[in-house]
Amino acid sequence: MTPERYEIICRVLRQRQPDLTVITDEVHKGRNLSAIVRTCDAVGISKFHCVEPKKGYRAFRGTALGSHKWVDTVLHSDVSEGLHELKNEGFQVVAAHLSDDAVDFRTVDYTKPTALLMGTEKQGVSDDALALADHQVVIPMMGMVESFNVSVACAIILTEAQEQRQKAGLYDESRIPKDEFQRTLFQWCQPIVTKYCDENGLDYPPLDDEGEIVEPAKWYQRVRQAKASV
């Protein structure tokens, strides 16, 4: 772990937006899902919600697969269940959907806790999901086609959300709880030790100010002694 790498990890964590997320309504193409996750990471989203497609959720190998290391994926079997959960947590649901009720996507206030709802590639957002949406938005089009690819549309809308939040100062200081920050920091800095601790029910050891384990020899010795006593 270089000092530069550690500082990047800390900076990214400080800019995470716990009250901004995306929920996909059975988007089924792995390439689109992974592109959406990549955009989530880029704008500071730490948790992505996916209503599991009938064929199952699978990250597309080759398109931003590495982004899945930095963004947690929460799977839901039903869109209504996922949306009710988010609304109970105080999120407004903004559906990207072409309809007579849709407004220009730039008119919505994304500084509020927001869940961006993206529909499946062919049918769009389902009726059940639309019934729970607080806003429907559309991206104005100047050409012959009526809509962007779902992952492109998601990126355009999230860029607007990012700009609004930057102007409001929501990226200026850490907004996630301290314990969550420290836990995620350890997981990102020490993925191998994280896996070992999780598999064996061990607490994460403390890190120094460079992302390294404090007195690693002593910690490994305690682990060996604990295993020997079992």
# chains A, B, ... in the order shown; residues from 1 in each chain; ligands from 1

$ residues_around --residues "Ala155 of chain A" --least-positions-apart "4" --cutoff "8 Å" --atoms "only C-alpha atoms" --output "list of chain:residue names"
A:Ile36, A:Thr39, A:Ser151, A:Thr159

$ select_by_dssp --residues "segment 121-184 of chain A" --states "strand (DSSP E)" --output "PyMOL selection string"
chain A and resi 135-138

$ closest_residue --among "A:Val125, A:Ile139, A:Ile23, A:Val43" --to "Gln92 of chain A" --atoms "only C-alpha atoms"
A:Ile23

$ atom_distance --atom1 "atom CA of His97 of chain A" --atom2 "atom CA of Trp70 of chain A"
27.9 Å

$ closest_residue --among "A:Ser77, A:Thr120, A:Thr21, A:Gln187" --to "Ile9 of chain A" --atoms "only C-alpha atoms"
A:Gln187

$ closest_residue --among "A:Cys50, A:Val214, A:Leu116, A:Ala102" --to "Leu158 of chain A" --atoms "only C-alpha atoms"
A:Leu116

$ atom_distance --atom1 "atom CA of Pro113 of chain A" --atom2 "atom CA of Ser147 of chain A"
25.6 Å

$ closest_residue --among "A:Gln182, A:Thr24, A:Thr114, A:Thr107" --to "Gly90 of chain A" --atoms "only C-alpha atoms"
A:Thr114

$ atom_distance --atom1 "atom CA of Lys47 of chain A" --atom2 "atom CA of Leu86 of chain A"
11.6 Å

$ select_by_dssp --residues "segment 20-224 of chain A" --states "alpha helix (DSSP H)" --output "PyMOL selection string"
chain A and resi 30-42+79-88+127-130+150-167+178-189+191-200+216-224

$ residues_around --residues "Val223 of chain A" --least-positions-apart "5" --cutoff "12 Å" --atoms "only C-alpha atoms" --output "mmCIF file with N, CA, C and O atoms, in the first residue's frame"
data_model
loop_
_atom_site.group_PDB
_atom_site.id
_atom_site.type_symbol
_atom_site.label_atom_id
_atom_site.label_comp_id
_atom_site.auth_asym_id
_atom_site.auth_seq_id
_atom_site.Cartn_x
_atom_site.Cartn_y
_atom_site.Cartn_z
ATOM 1 N N VAL A 193 -6.754 -9.939 4.184
ATOM 2 C CA VAL A 193 -6.989 -10.092 5.620
ATOM 3 C C VAL A 193 -8.481 -9.979 5.931
ATOM 4 O O VAL A 193 -9.004 -10.671 6.800
ATOM 5 N N TYR A 196 -10.065 -13.310 5.343
ATOM 6 C CA TYR A 196 -9.699 -14.252 6.395
ATOM 7 C C TYR A 196 -10.493 -13.959 7.672
ATOM 8 O O TYR A 196 -11.028 -14.883 8.305
ATOM 9 N N CYS A 197 -10.572 -12.687 8.051
ATOM 10 C CA CYS A 197 -11.309 -12.321 9.261
ATOM 11 C C CYS A 197 -12.792 -12.663 9.134
ATOM 12 O O CYS A 197 -13.402 -13.203 10.071
ATOM 13 N N ASN A 200 -13.473 -16.364 9.455
ATOM 14 C CA ASN A 200 -13.164 -16.946 10.754
ATOM 15 C C ASN A 200 -13.781 -16.178 11.925
ATOM 16 O O ASN A 200 -13.477 -16.468 13.090
ATOM 17 N N GLY A 201 -14.645 -15.247 11.613
ATOM 18 C CA GLY A 201 -15.334 -14.509 12.662
ATOM 19 C C GLY A 201 -14.435 -13.656 13.529
ATOM 20 O O GLY A 201 -14.678 -13.512 14.733
ATOM 21 N N LEU A 202 -13.392 -13.077 12.944
ATOM 22 C CA LEU A 202 -12.435 -12.266 13.683
ATOM 23 C C LEU A 202 -12.694 -10.786 13.471
ATOM 24 O O LEU A 202 -13.132 -10.367 12.393
ATOM 25 N N ASP A 203 -12.419 -9.991 14.500
ATOM 26 C CA ASP A 203 -12.474 -8.537 14.354
ATOM 27 C C ASP A 203 -11.312 -8.072 13.482
ATOM 28 O O ASP A 203 -10.232 -8.674 13.496
ATOM 29 N N TYR A 204 -11.551 -7.003 12.733
ATOM 30 C CA TYR A 204 -10.466 -6.448 11.932
ATOM 31 C C TYR A 204 -9.422 -5.812 12.848
ATOM 32 O O TYR A 204 -9.787 -5.083 13.781
ATOM 33 N N PRO A 205 -8.144 -6.042 12.606
ATOM 34 C CA PRO A 205 -7.107 -5.375 13.401
ATOM 35 C C PRO A 205 -7.034 -3.892 13.040
ATOM 36 O O PRO A 205 -7.473 -3.488 11.963
ATOM 37 N N PRO A 216 1.756 -5.985 12.729
ATOM 38 C CA PRO A 216 1.197 -7.184 12.095
ATOM 39 C C PRO A 216 1.729 -8.492 12.673
ATOM 40 O O PRO A 216 0.978 -9.469 12.778
ATOM 41 N N ALA A 217 3.011 -8.534 13.053
ATOM 42 C CA ALA A 217 3.579 -9.767 13.598
ATOM 43 C C ALA A 217 2.846 -10.192 14.862
ATOM 44 O O ALA A 217 2.551 -11.385 15.062
ATOM 45 N N LYS A 218 2.544 -9.222 15.729
ATOM 46 C CA LYS A 218 1.832 -9.538 16.961
ATOM 47 C C LYS A 218 0.409 -10.018 16.661
ATOM 48 O O LYS A 218 -0.107 -10.925 17.315
ATOM 49 N N ALA A 228 -4.622 -22.430 17.636
ATOM 50 C CA ALA A 228 -4.032 -23.588 18.302
ATOM 51 C C ALA A 228 -4.823 -24.004 19.532
ATOM 52 O O ALA A 228 -4.828 -25.179 19.922
ATOM 53 N N SER A 229 -5.508 -23.037 20.154
ATOM 54 C CA SER A 229 -6.259 -23.333 21.369
ATOM 55 C C SER A 229 -7.634 -23.927 21.087
ATOM 56 O O SER A 229 -8.314 -24.376 22.000
ATOM 57 N N VAL A 230 -8.050 -23.892 19.826
ATOM 58 C CA VAL A 230 -9.378 -24.429 19.469
ATOM 59 C C VAL A 230 -9.331 -25.958 19.446
ATOM 60 O O VAL A 230 -8.431 -26.549 18.890
#

$ closest_residue --among "A:Thr194, A:Ser174, A:Gln221, A:Gln166" --to "Cys10 of chain A" --atoms "only C-alpha atoms"
A:Ser174

$ residues_around --residues "Leu185 of chain A" --least-positions-apart "6" --cutoff "12 Å" --atoms "only C-alpha atoms" --output "number ranges by chain"
A: 5-14, 70, 176, 178-179, 191, 194, 204-213

$ residues_around --residues "Ala115 of chain A" --least-positions-apart "2" --cutoff "6 Å" --atoms "only C-alpha atoms" --output "short mmCIF file (atom, residue, chain, number, x, y, z; two decimals) with all heavy atoms, in the first residue's frame"
data_model
loop_
_atom_site.label_atom_id
_atom_site.label_comp_id
_atom_site.auth_asym_id
_atom_site.auth_seq_id
_atom_site.Cartn_x
_atom_site.Cartn_y
_atom_site.Cartn_z
N LEU A 20 -27.72 8.64 -1.89
CA LEU A 20 -27.92 8.62 -3.34
C LEU A 20 -27.67 7.20 -3.81
O LEU A 20 -26.66 6.58 -3.46
CB LEU A 20 -26.95 9.58 -4.04
CG LEU A 20 -27.04 9.65 -5.57
CD1 LEU A 20 -28.40 10.19 -6.02
CD2 LEU A 20 -25.90 10.51 -6.14
N THR A 21 -28.62 6.65 -4.57
CA THR A 21 -28.46 5.27 -5.04
C THR A 21 -29.21 5.08 -6.35
O THR A 21 -29.91 5.97 -6.84
CB THR A 21 -28.97 4.28 -3.97
OG1 THR A 21 -28.59 2.95 -4.34
CG2 THR A 21 -30.49 4.33 -3.82
N VAL A 22 -29.04 3.90 -6.92
CA VAL A 22 -29.75 3.49 -8.14
C VAL A 22 -30.42 2.16 -7.86
O VAL A 22 -29.85 1.29 -7.19
CB VAL A 22 -28.78 3.34 -9.33
CG1 VAL A 22 -29.49 2.72 -10.54
CG2 VAL A 22 -28.17 4.68 -9.71
N PHE A 91 -35.91 7.89 1.06
CA PHE A 91 -35.50 8.21 -0.31
C PHE A 91 -36.70 8.64 -1.14
O PHE A 91 -37.77 8.02 -1.07
CB PHE A 91 -34.85 7.00 -0.98
CG PHE A 91 -33.46 6.70 -0.54
CD1 PHE A 91 -33.22 6.01 0.64
CD2 PHE A 91 -32.37 7.10 -1.31
CE1 PHE A 91 -31.93 5.73 1.05
CE2 PHE A 91 -31.07 6.82 -0.91
CZ PHE A 91 -30.85 6.13 0.28
N VAL A 93 -38.10 8.53 -4.91
CA VAL A 93 -37.86 7.65 -6.05
C VAL A 93 -38.08 8.43 -7.33
O VAL A 93 -39.17 8.97 -7.57
CB VAL A 93 -38.79 6.41 -6.01
CG1 VAL A 93 -38.59 5.55 -7.26
CG2 VAL A 93 -38.54 5.58 -4.75
#

$ residues_around --residues "Glu26 of chain A" --least-positions-apart "5" --cutoff "7 Å" --atoms "only C-alpha atoms" --output "JSON, numbers by chain"
{"A": [51, 52, 53, 119, 120]}
